[in-house]
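Take a look at the structure below.
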Amino acid sequence: MNQMNELAALVKELEEQLVICTRCGMCQSVCPLFEQTHKETDVARGKLALLDGLMKNIFSDPNGVTQRLNKCLLCGSCAANCPSGVNVLEIFIKARAILTEYKGLSVLKKIIFKKMLANPGTFDTLTQWAGWFQSLFMKSESNAQKTSCVRLISPLIDNRHILPIARTAFHKTLSPQIQKAPGSGLSALFFTGCLIDKFLPNVAHASVKVLNHHDVTLIIPRGQGCCGIPALASGDRATFTKLVDHHLDLFQKDEFDVLVTACATCTSTIKKLWPTVYKNPSNSVKNQLHTLSEKTMDINQFLVDHVNPDFKKDLSTTQQKDREIVTYHDPCHLKKSLGVAAQPRKIIRAAGKTLVEMDGSDRCCGMGGSFNLYHYGLSSSIGALKQKNISETGCRTVSTGCPACMMQISDMLAKKKKNIKVRHPMELYARALADKIT
Amino acid sequence: MINQSIIKALKNIVGPEHLLSEKEDMYTYSYDAAVLTPRMPSAAVMPASTEELGRIVSLCHENCIPITVRGSGTNLSGGTIPETSGIVLLTGLLNKIIEINEQDMYAVVQPGVVTATLAAAVEQKGLFYPPDPGSQLVSTLGGNVAENAGGLRGLKYGVTKDYVMGLHFFDARGNYVKTGSRTVKCATGYNLTGLMTGSEGTLGILDEIILKLIPAPIARQSMVAVYDTIEQASETVAGIIAARIIPATLEILDNFTIRAVEDYSRVGLPIDAAALLLIEVDGHPVVVKEDGEKVEALCRKMGAKEIKVAETEKERDKIWAARRSALSALAKLKPTLVLEDATVPRSKIPDMVLALQQIASEFNIDIGTFGHAGDGNLHPTILTDRRNTEEFKRVEEAIEAIFDKALTLGGTLSGEHGTGLAKAPFLEKEAGFSSVLFSRQLRRALDPQNILNPGKITGLSEEDSI
């Protein structure tokens, strides 16, 4: 019980943020998880109450709260719609860190985060090996989504249709010319992100083409790693801090106007969580994080708002009626966290596509990072709704600005054997540029 | 506490996934949106069918276990707090719209259907379900019926009770009772539908609700009138009603609220105005035009220094978005928000508005006032921090002063939030002892074991406790 006192004292750090919740319950109207389960502990109000309970030391151990707190997509729908402005995501991330620091990480997570993720070099090598061996366990499905499924039933993969690890990761293809491409416009540091680097390198290649085309001075530092969100979501603030430090060092070597990423989650992590969750930063680190946060933006936003090419200009050579129908899914970490929604749509139109809106384009796809690993059934039920909304538009391609959403949506479409491709807006735009030029 | 054999029996009825009893889960069913002391239930159960619901009620009847029904837990008077523990019965899985009948203009729903979901579904068919409580995006129709919820359109369209045509419910013994019908008129038997509506889960447990629908209005016009004094604004409200015009909505915002809303949403409200009236007339286009002009002229006559009529649908939406954000905007100012809903005859709105200002200064607390001025239902909203015990004591005293004033003016303690726990101790003050006694006798006759939401409305007297 004494130890629970200690935990209560730690949670008290969050008190001023917790008291803002008036228990009005409006979060129930937007929570994708609550829609499935109708249980109070699954929605923000319930989770905030549980933290309040921890603070008041009413539970005999932290396990029940931890388990319920972790059952969350971290999609931020609640925060984006909270009448009182409770900063739900920041509270949950900090609470997960407090609980993990108090209880310790599981052995498996210790190995994954501390031995692999925290060391970008090791992580690169391991995923490369996994890429070589994956065909032993997985077979390609030759479908529109290019997913693979397991050859034998495996409890780890379940019946997932997963995007395979790329044959060649993006960072392996970085020639000095790509890595530092001078332009006449703004200078941008491109942060690749793990999923794009290792699973969807085409998104990075497309981004580079687009940035080059628009004459942006491009810098892609070698030795990039993970933005830290998987560690943070599991409460591993130590690994997170190590990764942030690593990148702050790395980014100091170059001058740049903006940091762009093609990954919604990386952008929102660097912009919102790096400065707020970093524990006890020195003044200089604090300033660095703050400046970096200001400079960080999504690639669609960068192109439309700052590079400012005429995005009404149509790159397509086809007639209006022959155009491919594309629908767009709003990643939670773009629209709800950062308010970026109009820009990717402009890019898709500029790529000469007919954009047809789906019902609930900003509803979470159900991925939620490790949520998908631990609650695959629920994740799939939420994803099935997304799949239905996508399919009903009659589109040939669904586009979205987040590699994690791309993976989830691919899985959902493959399950239903839909002939719909999944593409990042940069891929569509780069393709249109190439068609136009040739 | 209830014993393990009951938990097991409940689990048998609904399946293990739909029975919760761990302390963490119980803590999240110990509160609602009212500022009251939380109480944990011993179990929470989620029936998914009429049959399961009936078996739960019978089990509780046989074992004398209190039942508190909970929809989305947005109650503002503590109606869903399990005051004497027992079980919390969740209606989340009873969320089907059973029928929307366009020819006879009614809908049949399960109690867990969300208000806005039904409103959207009937709108697609050109029909209209008017009651629109502030929490309509999450509130359930079962909760709306149990609390007799109101909303912005009360003035012209009435409140939930005006739309309940019939109900199916389980009584305290687990018998299935049907009342009302699918017809416009129904004169058989007692009007149990009327009795059940607003009974806050103390007389029976709803299973099916038949709701009246009406044709959607063809035209509407919204406007904002700006005033230099709140007296002028409130006198306009009384003036419009006296002129025999019934707007669909007639809302007031005081200066405190205007500034909070503008800070929050930057919609361009005049922050130096003492008060705003937000008005919407609807109906046939000709009538809308005529009423609109009359209201505008009246506002000017009563001293409005500026009137802005919404020219486009977008401008209209902006006006009502500003009104709807009032509570949110106020909520951001301080950690604790106490939303009251004392209501007076509408001719008394000017007196009530004045009294609220006096009370705020007398008790030295922040009160933002906005609300449904047209139906006499103001929302004095007190901003405080519950952790500040000294201030919170003054808040409680101010609330009593508000109640007293409302009653003096011939009004009521609650226009739409219900009695629940928060107002139970004051019921006698408003209705008199005989009324409370009558209610207690009624309750005792229908629920001798006192298992249906104990403590609500009539309070927990010694003779009532089991």
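Ordering of the structure tokens sets the chain letters (A, B, ...), residue numbers begin anew at 1 in every chain, and ligands are numbered from 1 in the order given.
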Original post:
If you count only C-alpha atoms, which residues fall within 9 Å of B:His417, apart from same-chain ones fewer than 4 positions away, as a PyMOL selection string?
Top reply: chain B and resi 75-77+147-150+340-341
Taking N, CA and C atoms for each residue, export the selection above as a short mmCIF file (atom, residue, chain, number, x, y, z; two decimals), in the first residue's frame.
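Output below, filename selection-v5.cif:
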data_model
loop_
_atom_site.label_atom_id
_atom_site.label_comp_id
_atom_site.auth_asym_id
_atom_site.auth_seq_id
_atom_site.Cartn_x
_atom_site.Cartn_y
_atom_site.Cartn_z
N ASN B 75 -26.00 12.81 -17.12
CA ASN B 75 -26.98 13.44 -16.24
C ASN B 75 -26.38 14.57 -15.43
N LEU B 76 -27.17 15.62 -15.23
CA LEU B 76 -26.67 16.79 -14.50
C LEU B 76 -27.27 16.92 -13.11
N SER B 77 -28.02 15.90 -12.66
CA SER B 77 -28.55 15.96 -11.30
C SER B 77 -28.23 14.69 -10.52
N GLU B 147 -35.54 11.44 -17.89
CA GLU B 147 -35.30 12.75 -17.29
C GLU B 147 -36.23 13.82 -17.83
N ASN B 148 -37.06 13.46 -18.80
CA ASN B 148 -37.89 14.44 -19.50
C ASN B 148 -37.02 15.60 -19.98
N ALA B 149 -36.04 15.25 -20.81
CA ALA B 149 -35.05 16.22 -21.26
C ALA B 149 -35.67 17.30 -22.14
N GLY B 150 -35.07 18.48 -22.11
CA GLY B 150 -35.55 19.61 -22.91
C GLY B 150 -34.59 19.91 -24.03
N GLU B 340 -26.80 25.07 -13.56
CA GLU B 340 -28.13 25.01 -12.95
C GLU B 340 -29.20 25.24 -14.01
N ASP B 341 -30.43 24.90 -13.70
CA ASP B 341 -31.49 25.06 -14.69
C ASP B 341 -32.82 25.48 -14.07
#
**OP:** Within 9 Å of chain A, which residues of chain B are there when counting only C-alpha atoms? Please give them as a PyMOL selection string.
**Re:** chain B and resi 22-25+27-29+31-35+46+72-76+90-93+135+137-139+325+327-337+385
Selection above as a file: C-alpha atoms, as a PDB file, in the first residue's frame:
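Result written to result_0.pdb:
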ATOM      1  CA  GLU B  22     -13.651  -5.219 -10.961  1.00  0.00           C
ATOM      2  CA  LYS B  23     -13.016  -2.156  -8.862  1.00  0.00           C
ATOM      3  CA  GLU B  24     -11.493  -0.216 -11.756  1.00  0.00           C
ATOM      4  CA  ASP B  25     -14.648  -0.677 -13.816  1.00  0.00           C
ATOM      5  CA  TYR B  27     -15.006   3.429 -10.337  1.00  0.00           C
ATOM      6  CA  THR B  28     -15.985   4.520 -13.844  1.00  0.00           C
ATOM      7  CA  TYR B  29     -19.678   3.989 -13.113  1.00  0.00           C
ATOM      8  CA  TYR B  31     -20.207   9.400 -11.421  1.00  0.00           C
ATOM      9  CA  ASP B  32     -22.122  11.261 -14.076  1.00  0.00           C
ATOM     10  CA  ALA B  33     -21.870  14.859 -15.284  1.00  0.00           C
ATOM     11  CA  ALA B  34     -23.265  16.301 -12.033  1.00  0.00           C
ATOM     12  CA  VAL B  35     -20.865  17.735  -9.471  1.00  0.00           C
ATOM     13  CA  MET B  46     -24.919  -4.798 -20.229  1.00  0.00           C
ATOM     14  CA  SER B  72     -24.364   7.732 -21.483  1.00  0.00           C
ATOM     15  CA  GLY B  73     -24.030   9.092 -17.954  1.00  0.00           C
ATOM     16  CA  THR B  74     -24.451  12.734 -18.968  1.00  0.00           C
ATOM     17  CA  ASN B  75     -26.978  13.437 -16.242  1.00  0.00           C
ATOM     18  CA  LEU B  76     -26.672  16.793 -14.501  1.00  0.00           C
ATOM     19  CA  LEU B  90     -26.028  -0.156 -18.975  1.00  0.00           C
ATOM     20  CA  THR B  91     -28.234   0.394 -22.010  1.00  0.00           C
ATOM     21  CA  GLY B  92     -25.372   0.780 -24.511  1.00  0.00           C
ATOM     22  CA  LEU B  93     -26.135  -2.466 -26.324  1.00  0.00           C
ATOM     23  CA  SER B 135     -25.807  16.520 -24.875  1.00  0.00           C
ATOM     24  CA  LEU B 137     -24.640  13.831 -29.570  1.00  0.00           C
ATOM     25  CA  VAL B 138     -24.198  11.322 -26.749  1.00  0.00           C
ATOM     26  CA  SER B 139     -27.370  11.327 -24.657  1.00  0.00           C
ATOM     27  CA  SER B 325     -20.217  26.420 -27.636  1.00  0.00           C
ATOM     28  CA  LEU B 327     -21.036  25.702 -22.124  1.00  0.00           C
ATOM     29  CA  SER B 328     -17.703  24.511 -23.535  1.00  0.00           C
ATOM     30  CA  ALA B 329     -16.342  28.022 -23.534  1.00  0.00           C
ATOM     31  CA  LEU B 330     -17.333  28.540 -19.900  1.00  0.00           C
ATOM     32  CA  ALA B 331     -16.021  25.081 -18.975  1.00  0.00           C
ATOM     33  CA  LYS B 332     -12.538  26.081 -20.070  1.00  0.00           C
ATOM     34  CA  LEU B 333     -12.337  28.917 -17.545  1.00  0.00           C
ATOM     35  CA  LYS B 334     -12.204  26.933 -14.305  1.00  0.00           C
ATOM     36  CA  PRO B 335     -11.910  23.259 -13.294  1.00  0.00           C
ATOM     37  CA  THR B 336     -15.425  22.878 -11.864  1.00  0.00           C
ATOM     38  CA  LEU B 337     -18.602  23.947 -13.568  1.00  0.00           C
ATOM     39  CA  ASP B 385     -12.819  24.793  -8.293  1.00  0.00           C
TER      40      ASP B 385
END
Polymer residues at most 6 Å from stretch 266-283 of chain B, only C-alpha atoms, same-chain spacing of 4 or more positions, as a PDB file with C-alpha atoms, in the first residue's frame:
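Result file out-v9.pdb:
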ATOM      1  CA  PRO B 217     -40.326  22.897 -41.022  1.00  0.00           C
ATOM      2  CA  ILE B 218     -39.855  24.200 -44.576  1.00  0.00           C
ATOM      3  CA  ALA B 219     -38.236  27.523 -43.824  1.00  0.00           C
ATOM      4  CA  ARG B 220     -36.361  29.174 -40.987  1.00  0.00           C
ATOM      5  CA  GLN B 221     -34.707  32.445 -40.206  1.00  0.00           C
ATOM      6  CA  SER B 222     -32.148  33.253 -37.541  1.00  0.00           C
ATOM      7  CA  MET B 223     -31.019  36.539 -36.122  1.00  0.00           C
ATOM      8  CA  VAL B 224     -28.851  38.040 -33.404  1.00  0.00           C
ATOM      9  CA  ALA B 225     -29.928  41.126 -31.463  1.00  0.00           C
ATOM     10  CA  VAL B 226     -27.306  43.100 -29.536  1.00  0.00           C
ATOM     11  CA  TYR B 227     -28.143  44.979 -26.316  1.00  0.00           C
ATOM     12  CA  ASP B 228     -26.456  47.524 -24.082  1.00  0.00           C
ATOM     13  CA  THR B 229     -28.239  46.293 -20.982  1.00  0.00           C
ATOM     14  CA  ILE B 230     -29.340  42.806 -20.055  1.00  0.00           C
ATOM     15  CA  PRO B 247     -40.034  31.512 -32.118  1.00  0.00           C
ATOM     16  CA  ALA B 248     -38.597  28.000 -32.396  1.00  0.00           C
ATOM     17  CA  THR B 249     -35.652  29.166 -30.351  1.00  0.00           C
ATOM     18  CA  LEU B 250     -35.075  32.261 -28.239  1.00  0.00           C
ATOM     19  CA  GLU B 251     -31.779  32.206 -26.382  1.00  0.00           C
ATOM     20  CA  ILE B 252     -29.944  34.727 -24.269  1.00  0.00           C
ATOM     21  CA  LEU B 253     -26.214  35.131 -23.580  1.00  0.00           C
ATOM     22  CA  ASP B 254     -24.939  37.513 -20.925  1.00  0.00           C
ATOM     23  CA  ASN B 255     -21.730  39.514 -21.230  1.00  0.00           C
ATOM     24  CA  ARG B 259     -16.684  37.064 -23.753  1.00  0.00           C
ATOM     25  CA  GLU B 262     -15.606  34.851 -28.255  1.00  0.00           C
ATOM     26  CA  VAL B 288     -41.407  32.962 -41.260  1.00  0.00           C
TER      27      VAL B 288
END
**OP:** Would you list, as a PyMOL selection string, the residues of stretch 150-340 of chain A that end up in strand (DSSP E or B) under DSSP run on this structure's backbone?
**Re:** chain A and resi 150+162+180-181+187-191+217-219+258-261+296-298+325-329
